[in-house]
Every structure is written in C-alpha cells, then in structure tokens.
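Everything below belongs to work37.pdb, which stores PDB, C-alpha atoms.
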```pdb
ATOM      1  CA  MET A   9      33.550  18.177   1.571
ATOM      2  CA  LYS A  10      30.799  20.358   0.209
ATOM      3  CA  ARG A  11      28.501  22.407   2.411
ATOM      4  CA  VAL A  12      24.987  21.358   1.462
ATOM      5  CA  ALA A  13      21.875  23.127   2.762
ATOM      6  CA  VAL A  14      18.671  21.066   2.792
ATOM      7  CA  ILE A  15      15.745  23.475   3.035
ATOM      8  CA  VAL A  16      12.894  22.430   5.314
ATOM      9  CA  PHE A  17       9.442  23.839   4.567
ATOM     10  CA  PRO A  18       6.344  23.185   6.664
ATOM     11  CA  GLY A  19       5.146  19.942   5.102
ATOM     12  CA  SER A  20       8.512  18.741   3.761
ATOM     13  CA  ASN A  21       8.809  15.027   4.493
ATOM     14  CA  CYS A  22      11.877  13.860   2.560
ATOM     15  CA  ASP A  23      14.306  16.330   4.098
ATOM     16  CA  ALA A  24      15.807  13.794   6.527
ATOM     17  CA  ASP A  25      16.393  11.286   3.734
ATOM     18  CA  ALA A  26      17.993  13.962   1.556
ATOM     19  CA  LEU A  27      20.201  15.039   4.444
ATOM     20  CA  LEU A  28      21.338  11.450   5.072
ATOM     21  CA  ALA A  29      21.935  10.801   1.376
ATOM     22  CA  ALA A  30      24.132  13.891   1.153
ATOM     23  CA  ARG A  31      26.024  12.997   4.335
ATOM     24  CA  ASP A  32      26.518   9.409   3.168
ATOM     25  CA  ALA A  33      28.072  10.855   0.033
ATOM     26  CA  GLY A  34      30.544  12.775   2.193
ATOM     27  CA  ALA A  35      28.868  16.181   2.260
ATOM     28  CA  ASP A  36      28.749  18.515   5.241
ATOM     29  CA  ALA A  37      24.941  18.674   5.042
ATOM     30  CA  TYR A  38      22.633  20.565   7.387
ATOM     31  CA  SER A  39      19.020  21.707   7.515
ATOM     32  CA  VAL A  40      17.894  25.264   6.923
ATOM     33  CA  TRP A  41      14.405  26.265   8.064
ATOM     34  CA  HIS A  42      12.280  28.044   5.468
ATOM     35  CA  ARG A  43      12.081  31.176   7.604
ATOM     36  CA  ASP A  44      15.845  31.603   7.677
ATOM     37  CA  THR A  45      17.154  34.182   5.293
ATOM     38  CA  ALA A  46      20.742  32.916   5.057
ATOM     39  CA  LEU A  47      22.080  29.670   3.634
ATOM     40  CA  LYS A  48      24.989  29.592   6.115
ATOM     41  CA  GLY A  49      27.739  29.212   3.587
ATOM     42  CA  ALA A  50      26.054  26.573   1.447
ATOM     43  CA  GLU A  51      27.809  25.591  -1.762
ATOM     44  CA  ILE A  52      24.875  23.425  -2.813
ATOM     45  CA  VAL A  53      21.159  23.718  -1.982
ATOM     46  CA  ILE A  54      18.639  20.862  -1.968
ATOM     47  CA  LEU A  55      14.881  21.475  -1.931
ATOM     48  CA  PRO A  56      13.450  18.171  -0.688
ATOM     49  CA  GLY A  57      10.212  16.352  -1.416
ATOM     50  CA  GLY A  58       7.028  16.562   0.566
ATOM     51  CA  PHE A  59       3.845  18.566   0.618
ATOM     52  CA  SER A  60       4.872  22.087   1.530
ATOM     53  CA  TYR A  61       1.889  24.095   2.758
ATOM     54  CA  GLY A  62      -0.332  21.076   2.143
ATOM     55  CA  ASP A  63      -0.037  21.625  -1.625
ATOM     56  CA  TYR A  64      -2.658  24.354  -1.157
ATOM     57  CA  LEU A  65      -3.460  26.448  -4.231
ATOM     58  CA  ARG A  66      -0.833  24.601  -6.326
ATOM     59  CA  SER A  67       2.052  22.364  -5.311
ATOM     60  CA  GLY A  68       4.954  24.638  -4.423
ATOM     61  CA  ALA A  69       3.025  27.873  -5.046
ATOM     62  CA  ILE A  70       3.198  29.115  -1.469
ATOM     63  CA  ALA A  71       6.602  27.686  -0.534
ATOM     64  CA  ARG A  72       8.225  29.660  -3.322
ATOM     65  CA  PHE A  73       7.521  32.835  -1.324
ATOM     66  CA  SER A  74       9.135  31.504   1.871
ATOM     67  CA  PRO A  75      11.762  33.908   3.236
ATOM     68  CA  VAL A  76      14.621  31.507   2.448
ATOM     69  CA  MET A  77      13.743  31.480  -1.252
ATOM     70  CA  ALA A  78      15.307  34.922  -1.780
ATOM     71  CA  ALA A  79      18.678  33.462  -0.759
ATOM     72  CA  VAL A  80      18.082  30.300  -2.821
ATOM     73  CA  THR A  81      17.277  32.427  -5.874
ATOM     74  CA  GLU A  82      20.364  34.551  -5.354
ATOM     75  CA  HIS A  83      22.502  31.400  -5.004
ATOM     76  CA  ALA A  84      20.975  29.950  -8.190
ATOM     77  CA  ARG A  85      21.388  33.165 -10.181
ATOM     78  CA  ALA A  86      25.053  33.265  -9.166
ATOM     79  CA  GLY A  87      25.532  29.794 -10.666
ATOM     80  CA  GLY A  88      25.333  27.815  -7.421
ATOM     81  CA  PRO A  89      24.029  24.246  -7.762
ATOM     82  CA  VAL A  90      20.422  23.677  -6.663
ATOM     83  CA  LEU A  91      18.621  20.334  -6.726
ATOM     84  CA  GLY A  92      14.827  20.159  -6.373
ATOM     85  CA  ILE A  93      13.379  16.714  -5.704
ATOM     86  CA  CYS A  94       9.649  16.130  -6.262
ATOM     87  CA  ASN A  95       8.010  18.959  -4.288
ATOM     88  CA  GLY A  96      11.354  20.761  -4.564
ATOM     89  CA  PHE A  97      11.076  20.481  -8.361
ATOM     90  CA  GLN A  98       7.559  21.935  -8.153
ATOM     91  CA  ILE A  99       8.842  24.824  -6.023
ATOM     92  CA  LEU A 100      11.663  25.581  -8.499
ATOM     93  CA  CYS A 101       9.138  25.712 -11.361
ATOM     94  CA  GLU A 102       6.787  27.941  -9.378
ATOM     95  CA  ALA A 103       9.724  30.208  -8.530
ATOM     96  CA  GLY A 104      10.635  30.517 -12.206
ATOM     97  CA  LEU A 105      14.083  29.008 -11.630
ATOM     98  CA  LEU A 106      13.104  26.141 -13.936
ATOM     99  CA  PRO A 107      10.789  26.353 -16.944
ATOM    100  CA  GLY A 108       7.425  24.615 -17.202
ATOM    101  CA  GLY A 109       5.197  23.380 -14.431
ATOM    102  CA  LEU A 110       3.841  20.236 -12.776
ATOM    103  CA  MET A 111       0.190  19.283 -13.033
ATOM    104  CA  ARG A 112      -2.099  16.518 -11.843
ATOM    105  CA  ASN A 113      -1.047  13.035 -13.036
ATOM    106  CA  ALA A 114      -2.780  12.203 -16.306
ATOM    107  CA  ARG A 115      -4.587   9.255 -14.731
ATOM    108  CA  LEU A 116      -5.332  11.253 -11.567
ATOM    109  CA  ARG A 117      -4.112   8.632  -9.091
ATOM    110  CA  PHE A 118      -1.388   9.398  -6.603
ATOM    111  CA  LEU A 119       1.476   7.122  -7.682
ATOM    112  CA  SER A 120       3.826   5.519  -5.195
ATOM    113  CA  ARG A 121       5.880   2.860  -6.929
ATOM    114  CA  PRO A 122       9.196   2.258  -8.673
ATOM    115  CA  ALA A 123       9.818   4.023 -11.982
ATOM    116  CA  TRP A 124      12.635   3.803 -14.495
ATOM    117  CA  VAL A 125      14.470   6.767 -15.914
ATOM    118  CA  ARG A 126      17.250   7.126 -18.446
ATOM    119  CA  VAL A 127      20.077   9.509 -17.638
ATOM    120  CA  GLU A 128      20.091  11.854 -20.632
ATOM    121  CA  ARG A 129      22.743  14.286 -19.458
ATOM    122  CA  THR A 130      25.795  13.858 -17.285
ATOM    123  CA  ASP A 131      26.917  17.492 -17.525
ATOM    124  CA  THR A 132      25.107  18.785 -14.445
ATOM    125  CA  PRO A 133      26.417  19.020 -10.858
ATOM    126  CA  PHE A 134      24.173  16.086  -9.909
ATOM    127  CA  THR A 135      24.726  13.592 -12.706
ATOM    128  CA  GLY A 136      28.489  13.683 -13.281
ATOM    129  CA  LEU A 137      29.044  10.168 -11.963
ATOM    130  CA  TYR A 138      26.477   8.520 -14.228
ATOM    131  CA  GLU A 139      26.955   7.306 -17.731
ATOM    132  CA  SER A 140      24.841   8.818 -20.431
ATOM    133  CA  GLY A 141      22.000   6.448 -21.313
ATOM    134  CA  GLU A 142      22.141   4.548 -18.035
ATOM    135  CA  ILE A 143      18.751   3.311 -16.806
ATOM    136  CA  LEU A 144      17.981   3.867 -13.125
ATOM    137  CA  GLU A 145      15.267   2.443 -10.934
ATOM    138  CA  VAL A 146      14.017   5.153  -8.600
ATOM    139  CA  PRO A 147      10.705   5.444  -6.768
ATOM    140  CA  ILE A 148       8.065   8.005  -7.576
ATOM    141  CA  ALA A 149       5.558   9.304  -5.023
ATOM    142  CA  HIS A 150       3.471  12.096  -6.464
ATOM    143  CA  GLY A 151      -0.003  13.252  -7.397
ATOM    144  CA  ASP A 152       1.093  16.329  -9.333
ATOM    145  CA  GLY A 153       3.982  14.931 -11.328
ATOM    146  CA  ARG A 154       3.000  15.584 -14.914
ATOM    147  CA  TYR A 155       5.662  17.936 -16.238
ATOM    148  CA  VAL A 156       4.231  20.311 -18.817
ATOM    149  CA  ALA A 157       5.864  22.960 -20.943
ATOM    150  CA  ASP A 158       4.508  24.730 -23.991
ATOM    151  CA  GLU A 159       5.683  23.468 -27.357
ATOM    152  CA  ARG A 160       8.331  26.116 -27.762
ATOM    153  CA  THR A 161       9.797  25.574 -24.303
ATOM    154  CA  ALA A 162       9.782  21.794 -24.740
ATOM    155  CA  ALA A 163      11.559  22.129 -28.097
ATOM    156  CA  GLU A 164      14.148  24.400 -26.527
ATOM    157  CA  LEU A 165      14.740  21.964 -23.657
ATOM    158  CA  GLU A 166      15.304  19.153 -26.136
ATOM    159  CA  ALA A 167      17.495  21.221 -28.470
ATOM    160  CA  HIS A 168      19.774  22.375 -25.684
ATOM    161  CA  GLY A 169      20.065  19.062 -23.881
ATOM    162  CA  ARG A 170      18.208  20.268 -20.843
ATOM    163  CA  VAL A 171      16.154  17.117 -20.333
ATOM    164  CA  VAL A 172      18.288  15.434 -17.671
ATOM    165  CA  TRP A 173      16.198  12.304 -17.014
ATOM    166  CA  ARG A 174      13.422  10.733 -19.034
ATOM    167  CA  TYR A 175      10.973   7.988 -18.056
ATOM    168  CA  VAL A 176      11.469   4.721 -19.888
ATOM    169  CA  ARG A 177       9.310   1.564 -20.035
ATOM    170  CA  ASP A 178       6.269   3.732 -19.298
ATOM    171  CA  ASN A 179       5.421   7.349 -18.664
ATOM    172  CA  PRO A 180       3.730   7.143 -15.268
ATOM    173  CA  ASN A 181       2.187  10.605 -15.130
ATOM    174  CA  GLY A 182       1.783  11.622 -18.778
ATOM    175  CA  SER A 183       4.551  14.238 -18.717
ATOM    176  CA  THR A 184       5.555  16.096 -21.879
ATOM    177  CA  ASN A 185       8.110  14.004 -23.827
ATOM    178  CA  ALA A 186       8.254  11.609 -20.838
ATOM    179  CA  ILE A 187      10.361  14.178 -18.993
ATOM    180  CA  ALA A 188      11.328  13.173 -15.440
ATOM    181  CA  GLY A 189      13.812  15.975 -14.781
ATOM    182  CA  VAL A 190      15.207  19.120 -16.375
ATOM    183  CA  CYS A 191      17.854  21.756 -15.777
ATOM    184  CA  ASN A 192      18.062  25.501 -16.379
ATOM    185  CA  ALA A 193      20.086  27.118 -19.156
ATOM    186  CA  GLY A 194      23.091  27.449 -16.837
ATOM    187  CA  ARG A 195      22.787  23.710 -15.977
ATOM    188  CA  ASN A 196      23.239  24.493 -12.266
ATOM    189  CA  VAL A 197      19.551  24.304 -11.280
ATOM    190  CA  VAL A 198      18.153  20.794 -11.638
ATOM    191  CA  GLY A 199      14.723  19.346 -10.863
ATOM    192  CA  ILE A 200      13.764  15.668 -10.669
ATOM    193  CA  MET A 201      10.329  14.195  -9.984
ATOM    194  CA  PRO A 202      11.389  10.723  -8.712
ATOM    195  CA  HIS A 203      13.139  10.262  -5.354
ATOM    196  CA  PRO A 204      16.841   9.382  -5.693
ATOM    197  CA  GLU A 205      17.310   9.919  -1.944
ATOM    198  CA  ARG A 206      15.183   6.816  -1.379
ATOM    199  CA  ARG A 207      17.552   4.587  -3.358
ATOM    200  CA  THR A 208      20.944   5.131  -1.820
ATOM    201  CA  ALA A 209      21.606   1.717  -0.274
ATOM    202  CA  ALA A 210      20.976  -1.922  -1.131
ATOM    203  CA  LEU A 211      19.159  -2.168   2.208
ATOM    204  CA  VAL A 212      16.335   0.051   0.949
ATOM    205  CA  GLY A 213      15.977  -1.690  -2.378
ATOM    206  CA  GLY A 214      18.761  -0.284  -4.499
ATOM    207  CA  GLN A 215      21.329   2.438  -4.833
ATOM    208  CA  ASP A 216      20.663   3.877  -8.248
ATOM    209  CA  GLY A 217      20.036   7.298  -6.677
ATOM    210  CA  ALA A 218      23.253   7.482  -4.651
ATOM    211  CA  ARG A 219      25.471   8.920  -7.363
ATOM    212  CA  ILE A 220      23.294  12.042  -7.569
ATOM    213  CA  PHE A 221      24.670  12.913  -4.141
ATOM    214  CA  HIS A 222      28.163  11.604  -4.804
ATOM    215  CA  SER A 223      28.246  13.702  -7.974
ATOM    216  CA  MET A 224      27.981  16.819  -5.813
ATOM    217  CA  GLU A 225      31.345  15.936  -4.280
ATOM    218  CA  ALA A 226      33.025  15.150  -7.565
ATOM    219  CA  PRO A 227      31.925  17.868  -9.956
ATOM    220  CA  HIS A 228      34.885  17.514 -12.262
ATOM    221  CA  ALA A 229      34.462  13.821 -12.806
ATOM    222  CA  THR A 230      31.963  14.149 -15.615
ATOM    223  CA  GLN A 231      34.188  12.656 -18.261
ATOM    224  CA  HIS A 232      35.677   9.952 -16.065
ATOM    225  CA  ALA A 233      32.733   8.257 -14.509
ATOM    226  CA  MET A 234      34.499   4.905 -14.340
ATOM    227  CA  ASP A 235      37.417   6.301 -12.376
ATOM    228  CA  VAL A 236      35.460   8.046  -9.671
ATOM    229  CA  ARG A 237      32.950   5.398  -8.916
ATOM    230  CA  ALA A 238      35.106   4.251  -6.079
ATOM    231  CA  VAL A 239      35.413   7.708  -4.517
ATOM    232  CA  GLY A 240      35.256   7.418  -0.754
ATOM    233  CA  ASP A 241      35.940   3.687  -0.973
ATOM    234  CA  ARG A 242      32.358   3.124  -1.997
ATOM    235  CA  HIS A 243      31.282   0.633  -4.546
ATOM    236  CA  LEU A 244      28.201   2.144  -5.960
ATOM    237  CA  ARG A 245      27.199  -0.627  -8.274
ATOM    238  CA  VAL A 246      26.346  -4.028  -6.944
TER
ATOM    239  CA  MET X  29     -11.948  53.137   0.767
ATOM    240  CA  SER X  30     -14.558  50.498   0.086
ATOM    241  CA  ALA X  31     -14.529  46.746   0.225
ATOM    242  CA  TYR X  32     -14.966  45.134  -3.173
ATOM    243  CA  ARG X  33     -15.896  41.542  -3.624
ATOM    244  CA  VAL X  34     -13.655  40.064  -6.275
ATOM    245  CA  GLU X  35     -14.235  36.668  -7.811
ATOM    246  CA  VAL X  36     -11.328  34.942  -9.536
ATOM    247  CA  ARG X  37     -11.810  32.061 -11.912
ATOM    248  CA  VAL X  38      -8.683  30.014 -12.599
ATOM    249  CA  MET X  39      -8.817  27.408 -15.361
ATOM    250  CA  PRO X  40      -6.230  24.967 -16.690
ATOM    251  CA  ARG X  41      -4.915  26.240 -20.024
ATOM    252  CA  ALA X  42      -7.028  25.144 -22.937
ATOM    253  CA  ALA X  43      -4.113  23.402 -24.664
ATOM    254  CA  LEU X  44      -3.299  21.233 -21.646
ATOM    255  CA  LEU X  45      -4.822  17.909 -20.716
ATOM    256  CA  ASP X  46      -7.328  18.311 -17.874
ATOM    257  CA  PRO X  47      -7.734  14.798 -16.424
ATOM    258  CA  GLN X  48     -10.143  16.019 -13.756
ATOM    259  CA  GLY X  49     -12.451  17.467 -16.390
ATOM    260  CA  GLN X  50     -12.254  14.211 -18.357
ATOM    261  CA  ALA X  51     -13.102  12.111 -15.312
ATOM    262  CA  VAL X  52     -16.113  14.313 -14.518
ATOM    263  CA  GLU X  53     -17.228  14.148 -18.143
ATOM    264  CA  HIS X  54     -17.047  10.336 -18.126
ATOM    265  CA  ALA X  55     -19.051  10.235 -14.917
ATOM    266  CA  LEU X  56     -21.719  12.506 -16.407
ATOM    267  CA  HIS X  57     -21.933  10.288 -19.479
ATOM    268  CA  ALA X  58     -22.293   7.242 -17.239
ATOM    269  CA  LEU X  59     -25.221   8.968 -15.528
ATOM    270  CA  GLY X  60     -26.962   9.455 -18.843
ATOM    271  CA  PHE X  61     -25.934  13.037 -19.559
ATOM    272  CA  GLU X  62     -24.700  12.244 -23.054
ATOM    273  CA  ASP X  63     -25.283  15.839 -24.114
ATOM    274  CA  VAL X  64     -22.241  17.097 -22.183
ATOM    275  CA  ALA X  65     -18.796  17.605 -23.756
ATOM    276  CA  ARG X  66     -15.506  19.382 -23.071
ATOM    277  CA  VAL X  67     -15.856  19.469 -19.273
ATOM    278  CA  ARG X  68     -13.028  21.303 -17.551
ATOM    279  CA  VAL X  69     -12.404  21.756 -13.856
ATOM    280  CA  GLY X  70     -10.849  24.901 -12.428
ATOM    281  CA  LYS X  71     -10.821  26.912  -9.226
ATOM    282  CA  HIS X  72     -13.008  29.698  -7.963
ATOM    283  CA  LEU X  73     -11.611  32.132  -5.412
ATOM    284  CA  VAL X  74     -13.556  34.875  -3.662
ATOM    285  CA  LEU X  75     -11.672  37.809  -2.162
ATOM    286  CA  GLU X  76     -12.604  41.004  -0.421
ATOM    287  CA  VAL X  77     -10.298  43.815  -1.513
ATOM    288  CA  SER X  78     -10.163  47.243   0.145
ATOM    289  CA  ALA X  79      -9.642  49.890  -2.511
ATOM    290  CA  ALA X  80     -10.535  53.472  -3.364
ATOM    291  CA  SER X  81     -12.311  52.455  -6.545
ATOM    292  CA  ARG X  82     -13.536  49.486  -8.466
ATOM    293  CA  ASP X  83     -10.686  49.907 -10.972
ATOM    294  CA  GLU X  84      -8.126  49.901  -8.195
ATOM    295  CA  ALA X  85      -9.652  46.739  -6.722
ATOM    296  CA  LEU X  86      -9.459  45.134 -10.141
ATOM    297  CA  ALA X  87      -5.828  46.165 -10.630
ATOM    298  CA  ARG X  88      -4.869  44.816  -7.210
ATOM    299  CA  ALA X  89      -6.659  41.538  -7.833
ATOM    300  CA  ARG X  90      -4.936  41.191 -11.191
ATOM    301  CA  ALA X  91      -1.560  41.713  -9.494
ATOM    302  CA  MET X  92      -2.470  38.994  -6.976
ATOM    303  CA  CYS X  93      -3.313  36.608  -9.806
ATOM    304  CA  ASP X  94      -0.091  37.329 -11.676
ATOM    305  CA  ARG X  95       1.977  36.904  -8.535
ATOM    306  CA  LEU X  96       0.336  33.960  -6.784
ATOM    307  CA  LEU X  97      -3.225  32.930  -7.545
ATOM    308  CA  ALA X  98      -2.626  31.624 -11.071
ATOM    309  CA  ASN X  99       0.419  30.044 -12.698
ATOM    310  CA  PRO X 100       0.747  31.539 -16.196
ATOM    311  CA  VAL X 101       2.509  28.386 -17.402
ATOM    312  CA  THR X 102      -0.432  26.114 -16.700
ATOM    313  CA  GLU X 103      -3.459  28.312 -16.031
ATOM    314  CA  ASP X 104      -5.573  31.204 -17.306
ATOM    315  CA  TYR X 105      -7.717  33.398 -15.103
ATOM    316  CA  ASP X 106     -10.436  35.973 -15.314
ATOM    317  CA  LEU X 107     -11.868  38.342 -12.766
ATOM    318  CA  ALA X 108     -15.196  39.776 -11.757
ATOM    319  CA  VAL X 109     -15.608  42.670  -9.315
ATOM    320  CA  ASP X 110     -18.923  42.852  -7.471
ATOM    321  CA  GLY X 111     -20.459  40.616 -10.070
ATOM    322  CA  GLU X 112     -19.330  42.645 -13.068
ATOM    323  CA  ALA X 113     -17.133  40.503 -15.309
ATOM    324  CA  ARG X 114     -13.859  41.967 -16.624
ATOM    325  CA  ARG X 115     -11.151  40.300 -18.548
TER
END
```

Could you write out this file's structure as structure tokens?
Amino acid sequence: MKRVAVIVFPGSNCDADALLAARDAGADAYSVWHRDTALKGAEIVILPGGFSYGDYLRSGAIARFSPVMAAVTEHARAGGPVLGICNGFQILCEAGLLPGGLMRNARLRFLSRPAWVRVERTDTPFTGLYESGEILEVPIAHGDGRYVADERTAAELEAHGRVVWRYVRDNPNGSTNAIAGVCNAGRNVVGIMPHPERRTAALVGGQDGARIFHSMEAPHATQHAMDVRAVGDRHLRV
Amino acid sequence: MSAYRVEVRVMPRAALLDPQGQAVEHALHALGFEDVARVRVGKHLVLEVSAASRDEALARARAMCDRLLANPVTEDYDLAVDGEARR
C-alpha cells in the first residue's frame, strides 16, 4: 500500500476524484494543503486538476510557488513518482519539472468532452499496467491544453520515448505532435492533460483511467501487464 | 529610494500559434479592416518598483519577469521604465 499525497491548491477541483481513484486502487491516499511544507511520508505525489489561483497570469504560474512545491520538487529530484493531471501538468511545466508549456487551445474554446489517447510508453510509474499502443477513452476539460515545446525539445521527447500518451482520432487542442502527456528524463515525473481520475468505474462511463492509479501499486509489473490486471481482485477491463 | 513605474509587455513567442491574435484579426477583417495582418495578443502589466535608481528598478523588474511574469518557454517580454523603453 503506497502512501500517496494529493496536493490541494486554492482552486483545485479534481483533488477529491484523484484521492478516491488512488484509494480505490489500494493506495493510502491523503490530501496535503498547498501551504504545508512536508509531504508526510508520501511515496507518490499527485497534483490534481482544477484552476489553481483562478489561472491568473498563466495556468499554474502562481501555484508553482506554493510552499508545498519545494517538497514536491525535492521528492521529484530524488526520483520519487509525481503525476500531474491537467492543471497539475501545467504546474509541473511552470515549475520546470517537465519540459514545454501549455497554451490556449488552438480553437480557443474550453473543451469538455471525451478524447482518445494512445498509450505510447508503459515504462513509467503510472502506465505499467497498460499495454503499449492501447487506446483509452478519457475526458478532457481544459482551455489551456495545447502542449507546446520548441522543435529541439519536441525532437528530444520523441527520440527518448518521453511522449507517454498521444491523442488519436483528432487532436483536440492543437498540441505539438498531438502530445497528451509526457515524462521527464528520469521517467518519474509524468504529466497528462486528460482526466484519468474521471474514468475509473463503469458507473461513470468507463474505467480506462483506473490502471494509472493501479500502476502506482504495481510498479514492477511493467512487463507482465496481463498477469497483474487482476491485482486486488479487480477486473479492470469490461 | 524612488518609485519607478515599470511597464511590462509579455507576448506569445513569435514561432508559436496565437489563436487569440488570429481570432481578433478575423474579426477586424469582418469589420472591413482588410489592411490589418499578423495580429497578436499579449499582456500588459504595470508595476511600481521602489529602487535607488532607474537601473536598479529595471534589474528588479527583469528578475520578476524571469521568475514569474513571463514563461520563457512560451513568451517573450520587454520592459519600459517611466516610459523609456529598454530591452
């Protein structure tokens, strides 16, 4: 049972869903307020979605200076797994823990609808239970979701297999190379623009996102996805 | 110490798509302003900085831009102190 800290910023609104998703996957998950300076023994940190500080200045620009971010940065630099979802992804980019940045959707509209992503990499702490190439249906809900990186950075991400998820069928926000999520060079810091925590049960429309949280509990299962799908007596595919 | 008025102009990087600028440009064209092109939308911030000199105010404002006000990945900025433009 992993200790998972879900950071709550003023304006976070997906923290409860992230907490539940982690707990459903068997984690000992708890909230940590952005003013706290300690992660209370967290083995894994999740930065949830939302609109921290009202997205003022730039999405994530102010949250990245929250007191708790010093501890998150230290945890990340030491190799500890960190997952940023939506606004959490924006915060990780602003903090320099992930490359690139997130800008206004190419067609300007705030998008709240299902999207489809292909799992490009299973060698991260959050994708070990997926199969490479698997297509997931996960919702997006963002206005500033267009991932951008300069040509050199984008080429490096591609060359080193650091694009973790990529939009398929369409590219909803016009992101560079249809990127939906990336990881750092150490592969322990991962950002994803869609919301896997909103697809963890058939009741809410699907469970394609659930294995992101189950992967946290089974980090060594990368090569044996078929065997561990039933971890915790859960059948993750309908 | 004096108070210096610093104006910061933050613009999306030239190489990046600026959908806001495009939307404004289309609207201008629709209104009959066909003579407009390459519209870009950025941000304008006005600060009052206490400093011993104009140069110090400029240096402080630049530090603020590098740290918070602009994101070097997606934006460029320039500064003007008391109306005098400096790069």

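Within 8 Å of chain X, and using all atoms listed in the file, the residues found on chain A are A:Leu65, A:Ala69, A:Ile70, A:Glu102, A:Gly108, A:Gly109, A:Met111, A:Arg112, A:Asn113, A:Ala114, A:Arg115, A:Leu116, A:Val156, A:Ala157, A:Asp158.
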
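Proximity to Val198 (chain A) was assessed for A:Pro18, A:Pro122, A:Pro107, A:Gly57 counting all atoms listed in the file; the smallest distance is recorded for A:Pro107.
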
The PyMOL selection byres ((chain A and resi 205) around 7) on the file shown: which residues, as a VMD selection string? chain A and resid 25 to 26 29 203 to 204 206 to 208 217 to 218

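When you apply the PyMOL selection byres ((chain X and resi 29-33) around 12) to this structure, what comes back is Val34, Glu35, Val36, Leu73, Val74, Leu75, Glu76, Val77, Ser78, Ala79, Ala80, Ser81, Arg82, Asp83, Glu84, Ala85, Leu86, Ala87, Arg88, Ala89, Leu107, Ala108, Val109, Asp110, Gly111, Glu112 and Ala113 of chain X.
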
Expand the PyMOL selection byres ((chain A and resi 59) around 12) into the explicit residue set it covers here, and present it as a PyMOL selection string. chain A and resi 16-23+55-58+60-71+93-99+149-152

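Put simply, CA of Asn179 (chain A) is 9.1 Å away from CA of Trp124 (chain A).
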
Within 6 Å of region 81-90 of chain A using all atoms listed in the file, minus same-chain residues under 3 positions, as an MDAnalysis selection string: chainID A and resid 52:54 77:78 196:197

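Minimum distance to Ala193 (chain A) across A:Glu142, A:Ile220, A:Thr132, A:Leu137 (counting all atoms listed in the file) occurs at A:Thr132.
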
Build an axis-aligned box that encloses every atom of region 20-31 of chain A listed in the file, pad it by 5 Å on each side, and report its centre and edge lengths in Å to one decimal, as JSON.
```
{"center_x": 17.3, "center_y": 14.8, "center_z": 3.8, "size_x": 27.5, "size_y": 17.9, "size_z": 15.4}
```

Would you pick out the contacts of Val172 (chain A) at 9 Å or less, using all atoms listed in the file, so that residues sharing its chain but fewer than 4 positions from it are not included, and give the list as an mmCIF file with C-alpha atoms, in the frame of the given file?
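Done, and the output landed in around07.cif:
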```cif
data_model
loop_
_atom_site.group_PDB
_atom_site.id
_atom_site.type_symbol
_atom_site.label_atom_id
_atom_site.label_comp_id
_atom_site.auth_asym_id
_atom_site.auth_seq_id
_atom_site.Cartn_x
_atom_site.Cartn_y
_atom_site.Cartn_z
ATOM 1 C CA ARG A 126 17.250 7.126 -18.446
ATOM 2 C CA VAL A 127 20.077 9.509 -17.638
ATOM 3 C CA GLU A 128 20.091 11.854 -20.632
ATOM 4 C CA ARG A 129 22.743 14.286 -19.458
ATOM 5 C CA THR A 130 25.795 13.858 -17.285
ATOM 6 C CA ASP A 131 26.917 17.492 -17.525
ATOM 7 C CA THR A 132 25.107 18.785 -14.445
ATOM 8 C CA THR A 135 24.726 13.592 -12.706
ATOM 9 C CA ILE A 187 10.361 14.178 -18.993
ATOM 10 C CA ALA A 188 11.328 13.173 -15.440
ATOM 11 C CA GLY A 189 13.812 15.975 -14.781
ATOM 12 C CA VAL A 190 15.207 19.120 -16.375
ATOM 13 C CA CYS A 191 17.854 21.756 -15.777
ATOM 14 C CA VAL A 198 18.153 20.794 -11.638
ATOM 15 C CA GLY A 199 14.723 19.346 -10.863
ATOM 16 C CA ILE A 200 13.764 15.668 -10.669
#
```

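With CA of Thr161 (chain A) on one side and CA of Thr184 (chain A) on the other, the separation reads 10.7 Å.
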
re CA of Val38 (chain X) and CA of Leu91 (chain A): distance 29.6 Å

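Using all atoms listed in the file, the contacts of Leu106 (chain A) at a cut-off of 6 Å, with sequence neighbours closer than 5 positions omitted, comprise Leu100, Cys101 and Asn192 of chain A.
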